[in-house]
Every structure is written in structure tokens, then in C-alpha cells.
>>> print(open('my_file.pdb').read())   # PDB, C-alpha atoms
ATOM      1  CA  MET A1286      10.097 -54.254  -5.470
ATOM      2  CA  THR A1287       7.613 -56.823  -6.810
ATOM      3  CA  ILE A1288       8.356 -59.241  -9.654
ATOM      4  CA  THR A1289       5.695 -57.500 -11.766
ATOM      5  CA  LYS A1290       7.434 -54.124 -11.445
ATOM      6  CA  ILE A1291      10.805 -55.647 -12.331
ATOM      7  CA  LYS A1292       9.317 -57.163 -15.501
ATOM      8  CA  LYS A1293       7.878 -53.801 -16.521
ATOM      9  CA  LEU A1294      11.247 -52.092 -16.053
ATOM     10  CA  ASN A1295      12.922 -54.712 -18.215
ATOM     11  CA  GLN A1296      10.408 -54.022 -20.979
ATOM     12  CA  VAL A1297      11.423 -50.351 -21.284
ATOM     13  CA  PRO A1298      13.349 -50.050 -24.619
ATOM     14  CA  ASP A1299      17.000 -49.080 -24.474
ATOM     15  CA  LEU A1300      17.072 -45.587 -25.943
ATOM     16  CA  GLN A1301      20.715 -45.984 -26.938
ATOM     17  CA  MET A1302      19.873 -49.120 -28.935
ATOM     18  CA  MET A1303      17.045 -47.264 -30.650
ATOM     19  CA  GLU A1304      19.283 -44.328 -31.595
ATOM     20  CA  ASP A1305      22.233 -46.294 -32.961
ATOM     21  CA  PRO A1306      20.573 -47.615 -36.154
ATOM     22  CA  TRP A1307      19.425 -44.101 -37.043
ATOM     23  CA  ARG A1308      22.925 -42.779 -36.370
ATOM     24  CA  ILE A1309      24.237 -45.226 -38.976
ATOM     25  CA  PHE A1310      21.893 -43.716 -41.570
ATOM     26  CA  ARG A1311      23.118 -40.231 -40.716
ATOM     27  CA  ILE A1312      26.728 -41.346 -41.137
ATOM     28  CA  MET A1313      25.882 -42.941 -44.486
ATOM     29  CA  ALA A1314      24.153 -39.747 -45.602
ATOM     30  CA  GLU A1315      27.212 -37.651 -44.757
ATOM     31  CA  PHE A1316      29.457 -39.919 -46.816
ATOM     32  CA  VAL A1317      27.042 -39.939 -49.758
ATOM     33  CA  ASP A1318      26.662 -36.140 -49.718
ATOM     34  CA  GLY A1319      30.403 -35.581 -49.375
ATOM     35  CA  PHE A1320      31.324 -37.978 -52.169
ATOM     36  CA  GLU A1321      28.654 -36.588 -54.469
ATOM     37  CA  GLU A1322      29.620 -32.966 -53.846
ATOM     38  CA  LEU A1323      33.345 -33.541 -54.339
ATOM     39  CA  LYS A1324      33.521 -36.140 -57.099
ATOM     40  CA  ASP A1325      33.960 -33.587 -59.903
ATOM     41  CA  ILE A1326      36.321 -31.075 -58.285
ATOM     42  CA  GLY A1327      39.416 -32.368 -60.080
ATOM     43  CA  PRO A1328      42.922 -32.258 -58.565
ATOM     44  CA  ALA A1329      42.830 -30.663 -55.124
ATOM     45  CA  VAL A1330      45.077 -29.853 -52.184
ATOM     46  CA  SER A1331      43.867 -29.824 -48.590
ATOM     47  CA  ILE A1332      45.211 -27.006 -46.407
ATOM     48  CA  PHE A1333      45.097 -27.412 -42.621
ATOM     49  CA  GLY A1334      46.054 -25.166 -39.740
ATOM     50  CA  SER A1335      44.971 -23.309 -36.653
ATOM     51  CA  SER A1336      41.605 -21.626 -36.210
ATOM     52  CA  ARG A1337      43.193 -19.210 -33.708
ATOM     53  CA  ILE A1338      46.039 -17.514 -35.570
ATOM     54  CA  HIS A1339      45.409 -13.807 -36.171
ATOM     55  CA  THR A1340      44.833 -12.488 -39.678
ATOM     56  CA  LYS A1341      47.918 -10.254 -39.349
ATOM     57  CA  HIS A1342      50.202 -13.215 -38.633
ATOM     58  CA  SER A1343      52.735 -14.210 -41.278
ATOM     59  CA  TYR A1344      51.266 -17.721 -41.382
ATOM     60  CA  TYR A1345      47.905 -16.309 -42.454
ATOM     61  CA  GLY A1346      49.491 -14.445 -45.342
ATOM     62  CA  ALA A1347      51.539 -17.496 -46.282
ATOM     63  CA  ALA A1348      48.443 -19.719 -46.373
ATOM     64  CA  GLU A1349      46.651 -17.185 -48.535
ATOM     65  CA  LYS A1350      49.575 -16.976 -50.974
ATOM     66  CA  THR A1351      49.980 -20.760 -51.033
ATOM     67  CA  ALA A1352      46.332 -21.203 -52.008
ATOM     68  CA  GLU A1353      46.670 -18.637 -54.797
ATOM     69  CA  LEU A1354      49.678 -20.422 -56.252
ATOM     70  CA  LEU A1355      47.987 -23.813 -55.992
ATOM     71  CA  VAL A1356      44.982 -22.561 -57.964
ATOM     72  CA  LYS A1357      47.281 -21.085 -60.611
ATOM     73  CA  ALA A1358      48.998 -24.476 -60.789
ATOM     74  CA  GLY A1359      45.654 -26.136 -61.532
ATOM     75  CA  TYR A1360      44.465 -27.296 -58.124
ATOM     76  CA  ALA A1361      41.289 -26.756 -56.150
ATOM     77  CA  VAL A1362      41.768 -25.846 -52.489
ATOM     78  CA  ILE A1363      40.037 -27.694 -49.654
ATOM     79  CA  THR A1364      40.010 -26.404 -46.074
ATOM     80  CA  GLY A1365      38.085 -27.076 -42.876
ATOM     81  CA  GLY A1366      35.902 -24.092 -43.712
ATOM     82  CA  GLY A1367      36.523 -22.154 -40.508
ATOM     83  CA  PRO A1368      38.483 -19.024 -39.562
ATOM     84  CA  SER A1369      42.210 -18.187 -39.488
ATOM     85  CA  ILE A1370      44.409 -20.476 -41.617
ATOM     86  CA  MET A1371      41.333 -22.117 -43.135
ATOM     87  CA  GLU A1372      39.938 -18.720 -44.060
ATOM     88  CA  ALA A1373      43.273 -17.712 -45.563
ATOM     89  CA  GLY A1374      43.308 -20.799 -47.767
ATOM     90  CA  ASN A1375      39.792 -20.172 -49.026
ATOM     91  CA  LYS A1376      40.488 -16.474 -49.476
ATOM     92  CA  GLY A1377      43.562 -17.057 -51.615
ATOM     93  CA  ALA A1378      41.791 -19.632 -53.760
ATOM     94  CA  SER A1379      38.656 -17.577 -54.365
ATOM     95  CA  ARG A1380      40.597 -14.382 -55.089
ATOM     96  CA  VAL A1381      42.154 -15.915 -58.206
ATOM     97  CA  GLY A1382      38.937 -17.583 -59.333
ATOM     98  CA  GLY A1383      39.673 -21.089 -58.079
ATOM     99  CA  LYS A1384      37.503 -23.731 -56.463
ATOM    100  CA  SER A1385      37.444 -22.785 -52.799
ATOM    101  CA  ILE A1386      35.968 -25.686 -50.849
ATOM    102  CA  GLY A1387      35.111 -25.703 -47.156
ATOM    103  CA  LEU A1388      34.350 -28.876 -45.224
ATOM    104  CA  ASN A1389      32.787 -27.298 -42.173
ATOM    105  CA  ILE A1390      32.204 -29.187 -38.916
ATOM    106  CA  ASP A1391      29.343 -28.692 -36.460
ATOM    107  CA  LEU A1392      30.870 -27.854 -33.081
ATOM    108  CA  PRO A1393      29.349 -27.012 -29.678
ATOM    109  CA  PHE A1394      30.515 -23.422 -30.096
ATOM    110  CA  GLU A1395      29.130 -23.312 -33.657
ATOM    111  CA  GLN A1396      32.072 -22.839 -35.981
ATOM    112  CA  LYS A1397      30.900 -20.384 -38.610
ATOM    113  CA  PRO A1398      32.017 -20.996 -42.219
ATOM    114  CA  ASN A1399      34.261 -18.249 -43.542
ATOM    115  CA  ASP A1400      33.104 -15.870 -46.280
ATOM    116  CA  TYR A1401      35.516 -17.050 -48.988
ATOM    117  CA  ILE A1402      34.069 -20.501 -49.643
ATOM    118  CA  ASN A1403      32.345 -21.064 -52.962
ATOM    119  CA  HIS A1404      31.587 -24.721 -52.286
ATOM    120  CA  LEU A1405      30.465 -25.463 -48.717
ATOM    121  CA  ILE A1406      29.774 -28.913 -47.266
ATOM    122  CA  ASN A1407      28.709 -29.330 -43.635
ATOM    123  CA  PHE A1408      29.576 -32.340 -41.486
ATOM    124  CA  HIS A1409      28.456 -33.542 -38.071
ATOM    125  CA  TYR A1410      31.022 -36.340 -37.730
ATOM    126  CA  PHE A1411      34.745 -35.652 -37.722
ATOM    127  CA  PHE A1412      35.603 -39.025 -39.249
ATOM    128  CA  CYS A1413      33.319 -38.493 -42.264
ATOM    129  CA  ARG A1414      34.920 -35.118 -42.829
ATOM    130  CA  LYS A1415      38.440 -36.553 -42.553
ATOM    131  CA  VAL A1416      37.695 -39.214 -45.153
ATOM    132  CA  CYS A1417      36.664 -36.496 -47.607
ATOM    133  CA  PHE A1418      39.805 -34.467 -46.847
ATOM    134  CA  VAL A1419      41.943 -37.436 -47.814
ATOM    135  CA  LYS A1420      39.916 -39.019 -50.597
ATOM    136  CA  TYR A1421      39.939 -35.991 -52.885
ATOM    137  CA  ALA A1422      43.337 -34.484 -52.084
ATOM    138  CA  HIS A1423      46.550 -34.834 -54.073
ATOM    139  CA  ALA A1424      48.553 -33.307 -51.216
ATOM    140  CA  PHE A1425      48.221 -32.070 -47.643
ATOM    141  CA  VAL A1426      49.715 -28.742 -46.591
ATOM    142  CA  ILE A1427      49.870 -28.574 -42.802
ATOM    143  CA  PHE A1428      50.267 -25.081 -41.394
ATOM    144  CA  PRO A1429      50.929 -24.489 -37.687
ATOM    145  CA  GLY A1430      47.975 -25.504 -35.577
ATOM    146  CA  GLY A1431      46.761 -27.302 -32.491
ATOM    147  CA  PHE A1432      45.246 -30.675 -31.622
ATOM    148  CA  GLY A1433      42.919 -30.742 -34.631
ATOM    149  CA  THR A1434      45.771 -30.021 -37.015
ATOM    150  CA  LEU A1435      47.878 -32.738 -35.401
ATOM    151  CA  ASP A1436      44.967 -35.144 -35.782
ATOM    152  CA  GLU A1437      44.779 -34.458 -39.514
ATOM    153  CA  LEU A1438      48.552 -34.770 -39.876
ATOM    154  CA  SER A1439      48.606 -38.051 -37.974
ATOM    155  CA  GLU A1440      45.727 -39.436 -40.023
ATOM    156  CA  SER A1441      47.485 -38.793 -43.312
ATOM    157  CA  ILE A1442      50.915 -40.149 -42.367
ATOM    158  CA  THR A1443      49.341 -43.227 -40.746
ATOM    159  CA  LEU A1444      47.374 -44.073 -43.895
ATOM    160  CA  ILE A1445      50.512 -43.685 -46.001
ATOM    161  CA  GLN A1446      52.721 -45.622 -43.565
ATOM    162  CA  THR A1447      50.275 -48.530 -43.427
ATOM    163  CA  GLN A1448      49.763 -48.418 -47.212
ATOM    164  CA  ARG A1449      46.060 -47.848 -46.890
ATOM    165  CA  MET A1450      46.558 -45.162 -49.527
ATOM    166  CA  ASP A1451      49.301 -44.340 -51.989
ATOM    167  CA  GLN A1452      51.888 -41.829 -50.872
ATOM    168  CA  PHE A1453      51.303 -38.188 -51.669
ATOM    169  CA  PRO A1454      53.039 -34.996 -50.497
ATOM    170  CA  VAL A1455      52.506 -34.156 -46.831
ATOM    171  CA  ILE A1456      54.091 -30.748 -46.387
ATOM    172  CA  LEU A1457      54.658 -29.124 -43.000
ATOM    173  CA  TYR A1458      54.740 -25.367 -43.456
ATOM    174  CA  GLY A1459      57.025 -23.500 -41.071
ATOM    175  CA  SER A1460      60.101 -25.593 -40.266
ATOM    176  CA  LYS A1461      60.718 -23.698 -37.019
ATOM    177  CA  TYR A1462      57.239 -24.482 -35.714
ATOM    178  CA  TRP A1463      57.459 -28.193 -36.526
ATOM    179  CA  LYS A1464      61.093 -28.689 -35.481
ATOM    180  CA  GLY A1465      60.299 -29.998 -32.002
ATOM    181  CA  LEU A1466      57.856 -32.589 -33.294
ATOM    182  CA  LEU A1467      60.207 -33.737 -36.057
ATOM    183  CA  ASP A1468      63.119 -33.943 -33.614
ATOM    184  CA  TRP A1469      61.002 -36.217 -31.424
ATOM    185  CA  PHE A1470      60.140 -38.371 -34.433
ATOM    186  CA  LYS A1471      63.823 -38.630 -35.378
ATOM    187  CA  GLY A1472      64.888 -39.090 -31.764
ATOM    188  CA  ASP A1473      62.857 -41.053 -29.231
ATOM    189  CA  MET A1474      60.312 -42.478 -31.646
ATOM    190  CA  LEU A1475      62.906 -43.742 -34.124
ATOM    191  CA  GLN A1476      65.404 -44.884 -31.483
ATOM    192  CA  GLU A1477      62.743 -46.944 -29.710
ATOM    193  CA  GLY A1478      61.920 -48.659 -32.985
ATOM    194  CA  CYS A1479      58.376 -47.319 -33.101
ATOM    195  CA  ILE A1480      58.880 -46.132 -36.692
ATOM    196  CA  ASP A1481      61.331 -46.923 -39.501
ATOM    197  CA  VAL A1482      63.775 -44.439 -41.016
ATOM    198  CA  LYS A1483      61.833 -44.544 -44.286
ATOM    199  CA  ASP A1484      58.709 -43.336 -42.465
ATOM    200  CA  LEU A1485      60.366 -39.964 -41.964
ATOM    201  CA  ASP A1486      60.339 -39.474 -45.734
ATOM    202  CA  ILE A1487      56.547 -39.263 -45.729
ATOM    203  CA  MET A1488      56.767 -35.627 -44.588
ATOM    204  CA  GLN A1489      58.615 -32.621 -45.952
ATOM    205  CA  THR A1490      58.940 -29.054 -44.689
ATOM    206  CA  ALA A1491      58.601 -25.759 -46.534
ATOM    207  CA  ASP A1492      59.050 -22.135 -45.545
ATOM    208  CA  LYS A1493      57.799 -20.408 -48.696
ATOM    209  CA  PRO A1494      54.511 -20.766 -50.589
ATOM    210  CA  GLU A1495      56.481 -21.230 -53.807
ATOM    211  CA  ASP A1496      58.290 -24.198 -52.286
ATOM    212  CA  VAL A1497      54.990 -25.888 -51.463
ATOM    213  CA  VAL A1498      53.955 -25.826 -55.106
ATOM    214  CA  LYS A1499      57.395 -26.971 -56.263
ATOM    215  CA  ILE A1500      57.278 -29.998 -53.950
ATOM    216  CA  ILE A1501      53.844 -31.010 -55.259
ATOM    217  CA  GLN A1502      54.768 -30.492 -58.901
ATOM    218  CA  LYS A1503      57.999 -32.410 -58.487
ATOM    219  CA  PHE A1504      56.158 -35.316 -56.878
ATOM    220  CA  TYR A1505      53.670 -35.567 -59.728
ATOM    221  CA  GLY A1506      56.204 -34.835 -62.442
ATOM    222  CA  LYS A1507      54.390 -31.571 -63.244
ATOM    223  CA  LYS A1508      51.371 -33.598 -64.351
ATOM    224  CA  LYS A1509      47.980 -33.596 -62.725
ATOM    225  CA  LYS A1510      47.236 -37.263 -62.188
ATOM    226  CA  SER A1511      44.878 -39.203 -59.993
ATOM    227  CA  THR A1512      46.110 -40.789 -56.782
ATOM    228  CA  LYS A1513      44.607 -44.149 -55.925
ATOM    229  CA  ARG A1514      42.475 -44.207 -52.804
ATOM    230  CA  LYS A1515      41.941 -47.503 -51.021
TER     231      LYS A1515
END
>>> encode(input="my_file.pdb", output="C-alpha cells")
Amino acid sequence: MTITKIKKLNQVPDLQMMEDPWRIFRIMAEFVDGFEELKDIGPAVSIFGSSRIHTKHSYYGAAEKTAELLVKAGYAVITGGGPSIMEAGNKGASRVGGKSIGLNIDLPFEQKPNDYINHLINFHYFFCRKVCFVKYAHAFVIFPGGFGTLDELSESITLIQTQRMDQFPVILYGSKYWKGLLDWFKGDMLQEGCIDVKDLDIMQTADKPEDVVKIIQKFYGKKKKSTKRK
């Protein structure tokens, strides 16, 4: 190859370098849209869980009932906007006239927003979506789920543990489902010194929708107050 040809090849712009600045603008736009859309929703609770659990499953009914009770207690309900547990949360909230918010994510298999959302916001980036889940929530209710649900759980307890945000209720619904994970936390993870005993207090379990609301109300002293976000 001649020197002239090599010089011409070196002059071809790096497409990745050209795309990255525009990607930053898209990320900024997602944050701006999310913050603007959610800034006036008032006290809210984010409900997480599987997108694969059948509508006849007891967890679906429990998520629906939990959302109803949260709305009656004065909270908006935020979900990931998809099917299954997310749908149940939006369904329960909308049925009793509450704010039923869905933060939908664009996926390769095109997750379709459920029909019970009355305030839909679409995201391309998972991390932008997760910031909005946390920023506007006064509590997290984590129903049984898979990797995505674990990601959202881990995000919340990490931010609380590292004091990047003030503590708020992180409630694991279904003590039987979460027992193995909690046993590992209390066992190997604690014994190896990877966490402190006090870190275990970040999470609580509940087996009834009524208990979820009681935990949240007890934490806030039955008052709807703002939680500082850092």
C-alpha cells in the first residue's frame, strides 16, 4: 500500500467519535423530558416486578391491590410500563382514579406499554429511566422478578447504603420468594465482611398489600413529605 493511500485512510472520520456527541444530547433530552413530566406528580411509589408472571398468579393480584391501597393513601404509582406485575400496578392505580405512571423502555423485542397507564414516558436508556424511578419515589415495592428487577433492587439499596440518597422504604414483596437472596446477604455476604449488619435494615419484607402501606406510612409518620434526592 502506498503512503498516499495510507494518508487517505487516516483521514476517514471515526464514525463512533461522530456519534458520541449526539448521543450525549439524546441522553440530556431524556433526562429533561423525564424530569419535566414527573416534577408535579406529588408523592409516589415505584412498583417493580417480573414482566413474565401470568395475570392469574397471586403476585399479579397482590400488585394490583397494593397499587389501589397506595393511591387511597395518597400516592401516585410508577411502574416500568410493561406487562405482568407492571401492568397490575398500573391497573390498580388507574381503577381507583390515581396517577398511573409508566416509564417504558425501548427494547429489541419492542416492549408494548400496558393499557392502564394514564401518564406514559418512553426511554431509550436504562440509566435515565432508573434515575427517574428513584428521583420521584418515596418508596420501592419489589415484587418477584428476574434480572431487571434485581437490577432495580440493587440500585436502590446501593444508593441508600452509600448515602447518595436518604433512606426510604425498600419493600420486598413475597418473603418466600426472596428468602434465598436474603439468606445469602445474611450469610456469606455478611460473614465475609462485604456488608455491615446495619445494611440489612435497608430492606423489609411484606406478604400482604396492607402491610406494604403500613410500612410506608410508619416510615413517614403517616405524613406525606419530600425525600431529599442527591
>>> resolve_selection(input="my_file.pdb", expression="the PyMOL selection byres ((chain A and resi 1431) around 12)", output="PyMOL selection string")
chain A and resi 1333-1338+1370+1427-1430+1432-1438+1462-1463
>>> atom_distance(input="my_file.pdb", atom1="atom CA of A:Phe1316", atom2="atom CA of A:Val1416")
8.4 Å
>>> atom_distance(input="my_file.pdb", atom1="atom CA of A:Glu1477", atom2="atom CA of A:Thr1443")
17.8 Å
>>> resolve_selection(input="my_file.pdb", expression="the PyMOL selection byres ((chain A and resi 1404) around 12)", output="ChimeraX atom specification")
/A:1319,1322-1323,1325-1326,1361-1366,1375,1378-1379,1383-1389,1398-1403,1405-1407
>>> residues_around(input="my_file.pdb", residues="A:Ile1487", least_positions_apart="3", cutoff="7 Å", atoms="all atoms listed in the file", output="list in words")
Ile1442, Val1455 and Asp1484 of chain A
